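Participant: Have a look at this one before I ask anything.
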2 protein chains.
Amino acid sequence: MSTQGSRLGRTGSRSKNSEQKRRQILAAAVRVFARQGFHACRVSDIADEAGVAYGLVYHYFASKDEILDTLFLERWNVMLELIGEVDAELIPVRDKLRAIASFIIDSYAHDPDLMKVIIVEVTRAANSFGQTHLAEIREAYDLIERIVGKAQAEGLFRPEIDARFAAMTFYGSIEQLLTGWIFGLLPEGEEQFERAKSLVVDTICGGLQTRTAERLSARG
Amino acid sequence: MSTQGSRLGRTGSRSKNSEQKRRQILAAAVRVFARQGFHACRVSDIADEAGVAYGLVYHYFASKDEILDTLFLERWNVMLELIGEVDAELIPVRDKLRAIASFIIDSYAHDPDLMKVIIVEVTRAANSFGQTHLAEIREAYDLIERIVGKAQAEGLFRPEIDARFAAMTFYGSIEQLLTGWIFGLLPEGEEQFERAKSLVVDTICGGLQTRTAERLSARG
DNA sequence: GCCTTTCGACTGACCGGTCAATCGCGCCCC
DNA sequence: GGGGCGCGATTGACCGGTCAGTCGAAAGGC
């Protein structure tokens, strides 16, 4: 955990092959964590999957925990950066939210195992890694909240819905869709992913009700 | 797991005290699971918390797993029943969804530890208990999907948003709010809970956008 | 009314297995 | 020939589940 920073700094020529091995172990860990779960798998499973000796895992990582930390942080930081960039662009809120939803869903489409691990083992693990990475998780919510808040200030989003609640609702919806795919409760596939992007943004921004129904319920 | 049914059937005078002990252990387990997590805690922690001997836990439950199974199923079945009843009532969709959101949020308000355990250790645990109880979890989504589907058939909800997606979005939003409270990322309190009920239904049914913004984006 | 038998509630030391992490040793590239 | 890379047997801690036995209250015999 503490030595991780210095390790990431290496870029010498000697380490080219070395870095490759490191990635090999990380990639294997993703598959194993996704298949068996972090707690249920053994470090030897990761070594076997990577095709390396048990001890080599400990040559590259200080602990089993550090492997998961690395996987999470690498991906999560990319997401935080993207959300920041998206927010800075001069595009409608709806497009910003769609860009965020797209990024997360594309991440899943591109590497389902990694996203499964991140969500199941970190983002929603209140008693283990969720606590460890609370600050990073919170930052994502904060960034989304800011986007919603700005839209409210501009009169584009209804002001009576708390921005923090809205951010949680938006992010929660996306994560739940991934969960549906992860659990096999929702059909996967490229068209499904594309549909999901539209539908989640449509739902959160526009609501499920027809405008007719809205008028009716407002009257009642 | 298998002996549980017969045990519940007993109602003799001797077993009155016995049932009390059983509940004592379950209540202690909720606190311990919530505090340390299912994997991180030891059975002896539960016994200590309950103020009983280690072995007694195994007198009442076949395994550590069975304790969690019991906790989950007892609560989840109440929820499934409630959703079924709500769906049968002759009230507007919005009220149905609000009733479901209320039930889940009230469950959290009444026993945060139990809901934390259910969500963190079962509902979102794709590699352990989530798989074990997949059928029960799926049933909840199915029931909500049916409610949404009916509203679409009646022309109250927009038909172009897949009912299953909508159900996942709705349920995911609620679970994410609970997650926010569990992680300490959202302020708790009775007024907060009440606000949350309104806001989640408002958001999902009505959407975040103002109608003005909607007209603008439809034009673009 | 008293003694004995019975049986379930209850106890906690112990066992067997598991697994993260270490260590000391070869190997091979620079 | 030296230092990182790679190896996997070993260690030691930990924990779920077992089990042999105690205790006390109810049932039953006299």
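We label chains A, B, ... in the order they appear in the structure tokens, count residues from 1 in each chain, and number ligands from 1 in the order shown.
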Using only C-alpha atoms, I'd like a table of the residues in chain A that come within 6 Å of chain B; for each, show the closest atom pair and its distance in Å rounded to one decimal, ordered by chain and ascending number, as CSV.
Facilitator:
```
residue,atom,partner,partner_atom,distance
A:Gly37,CA,B:Asn127,CA,5.5
A:Asn127,CA,B:Gly37,CA,5.5
A:Leu156,CA,B:Ala213,CA,5.0
A:Phe157,CA,B:Gln209,CA,4.3
A:Arg158,CA,B:Thr210,CA,5.2
A:Thr169,CA,B:Ser173,CA,4.5
A:Gly172,CA,B:Gln176,CA,4.9
A:Ser173,CA,B:Thr169,CA,4.5
A:Gln176,CA,B:Gly172,CA,4.9
A:Ile204,CA,B:Gly207,CA,5.1
A:Cys205,CA,B:Leu208,CA,4.6
A:Gly206,CA,B:Gly207,CA,4.2
A:Gly207,CA,B:Gly207,CA,3.5
A:Leu208,CA,B:Cys205,CA,4.6
A:Gln209,CA,B:Phe157,CA,4.3
A:Thr210,CA,B:Arg158,CA,5.2
A:Ala213,CA,B:Leu156,CA,5.1
```
Participant: Which of range 77-208 of chain B end up as alpha helix (DSSP H) when DSSP is run on this backbone - answer as a PyMOL selection string?
Facilitator: chain B and resi 77-88+93-110+112-117+129-132+134-153+163-182+190-206
Participant: Could you please determine the separation between CA of Ala109 in chain B and CA of Trp76 in chain B in Å, to one decimal place?
Facilitator: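 Separating CA of Ala109 in chain B from CA of Trp76 in chain B is a distance of 15.9 Å.
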Participant: Can you tell me which residues surround range 2-18 of chain C at a distance of at most 7 Å, considering only C-alpha atoms (C1' of nucleotides), apart from same-chain residues fewer than 2 positions away, and format the answer as JSON, numbers by chain?
Facilitator: {"B": [53, 54, 55, 56]}
Participant: Can I get the selected residues back with N, CA and C atoms, as an mmCIF file, in the first residue's frame?
Facilitator:
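Written out: out-v2.cif:
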```cif
data_model
loop_
_atom_site.group_PDB
_atom_site.id
_atom_site.type_symbol
_atom_site.label_atom_id
_atom_site.label_comp_id
_atom_site.auth_asym_id
_atom_site.auth_seq_id
_atom_site.Cartn_x
_atom_site.Cartn_y
_atom_site.Cartn_z
ATOM 1 N N ALA B 53 -22.174 -18.811 24.630
ATOM 2 C CA ALA B 53 -20.978 -19.594 24.354
ATOM 3 C C ALA B 53 -20.844 -19.852 22.858
ATOM 4 N N TYR B 54 -19.608 -20.022 22.450
ATOM 5 C CA TYR B 54 -19.310 -20.247 21.037
ATOM 6 C C TYR B 54 -20.184 -21.360 20.446
ATOM 7 N N GLY B 55 -20.178 -22.469 21.133
ATOM 8 C CA GLY B 55 -20.877 -23.647 20.620
ATOM 9 C C GLY B 55 -22.369 -23.459 20.439
ATOM 10 N N LEU B 56 -22.938 -22.571 21.222
ATOM 11 C CA LEU B 56 -24.394 -22.399 21.150
ATOM 12 C C LEU B 56 -24.831 -21.857 19.794
#
```
Participant: Hey, list the chain B side of the contact with chain D: 9 Å cut-off, only C-alpha atoms (C1' of nucleotides), answer as a compact mmCIF listing (two decimals) with N, CA and C atoms, in the first residue's frame.
Facilitator:
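This is the output file part-v7.txt:
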```
# COMPACT_ATOMS: atom_id res chain seq x y z
N ARG B 42 -15.44 -13.16 13.08
CA ARG B 42 -15.36 -14.56 13.46
C ARG B 42 -16.66 -14.97 14.16
N VAL B 43 -16.94 -16.24 14.12
CA VAL B 43 -18.14 -16.72 14.79
C VAL B 43 -18.05 -16.39 16.28
N TYR B 58 -23.75 -22.78 17.06
CA TYR B 58 -23.91 -23.94 16.19
C TYR B 58 -25.04 -24.86 16.64
N SER B 63 -24.38 -23.25 10.25
CA SER B 63 -23.12 -22.66 9.80
C SER B 63 -23.20 -21.14 9.90
N LYS B 64 -22.06 -20.51 9.74
CA LYS B 64 -22.01 -19.05 9.71
C LYS B 64 -22.87 -18.54 8.55
```
Participant: Can you pull out every residue within 7 Å of Ile83 in chain A, counting only C-alpha atoms (C1' of nucleotides), but drop anything in the same chain fewer than 4 positions away, and send it as a list in words?
Facilitator: Met79, Asp87, Ile100 and Leu143 of chain A
Participant: Using only C-alpha atoms, please write the residues we just selected to a file, as a short mmCIF file (atom, residue, chain, number, x, y, z; two decimals), in the first residue's frame.
Facilitator:
```
data_model
loop_
_atom_site.label_atom_id
_atom_site.label_comp_id
_atom_site.auth_asym_id
_atom_site.auth_seq_id
_atom_site.Cartn_x
_atom_site.Cartn_y
_atom_site.Cartn_z
CA MET A 79 -12.78 8.15 -14.70
CA ASP A 87 -17.56 19.18 -16.87
CA ILE A 100 -20.21 9.95 -18.09
CA LEU A 143 -17.94 15.95 -9.41
#
```
Participant: Select all residues from chain B having any atom no more than 12 Å from an atom of chain C (counting only C-alpha atoms (C1' of nucleotides), ignoring ligands), output as a CSV table (one decimal) with C-alpha atoms, in the first residue's frame.
Facilitator:
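Written file, out.csv:
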```
chain,number,residue,atom,x,y,z
B,14,ARG,CA,-39.6,-25.1,26.5
B,15,SER,CA,-38.8,-23.5,23.2
B,17,ASN,CA,-36.8,-19.3,25.9
B,18,SER,CA,-35.0,-21.1,23.1
B,19,GLU,CA,-36.5,-18.9,20.4
B,21,LYS,CA,-31.9,-17.1,22.4
B,22,ARG,CA,-32.0,-17.7,18.7
B,44,SER,CA,-16.7,-16.1,18.2
B,47,ALA,CA,-21.1,-15.4,20.3
B,52,VAL,CA,-23.5,-16.8,24.7
B,53,ALA,CA,-21.0,-19.6,24.4
B,54,TYR,CA,-19.3,-20.2,21.0
B,55,GLY,CA,-20.9,-23.6,20.6
B,56,LEU,CA,-24.4,-22.4,21.1
B,57,VAL,CA,-24.3,-20.6,17.9
B,58,TYR,CA,-23.9,-23.9,16.2
B,59,HIS,CA,-26.7,-25.3,18.3
B,60,TYR,CA,-29.1,-22.9,16.6
```
Participant: Using only C-alpha atoms, which residue out of B:Ala99, B:Ile46, B:Ala140, B:Leu68 lies closest to Met115 in chain B?
Facilitator: B:Leu68
Participant: Measure the distance from CA of Arg215 in chain A to CA of Lys150 in chain B in Å and round it to one decimal.
Facilitator: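 Computed distance, CA of Arg215 in chain A to CA of Lys150 in chain B, equals 18.9 Å.
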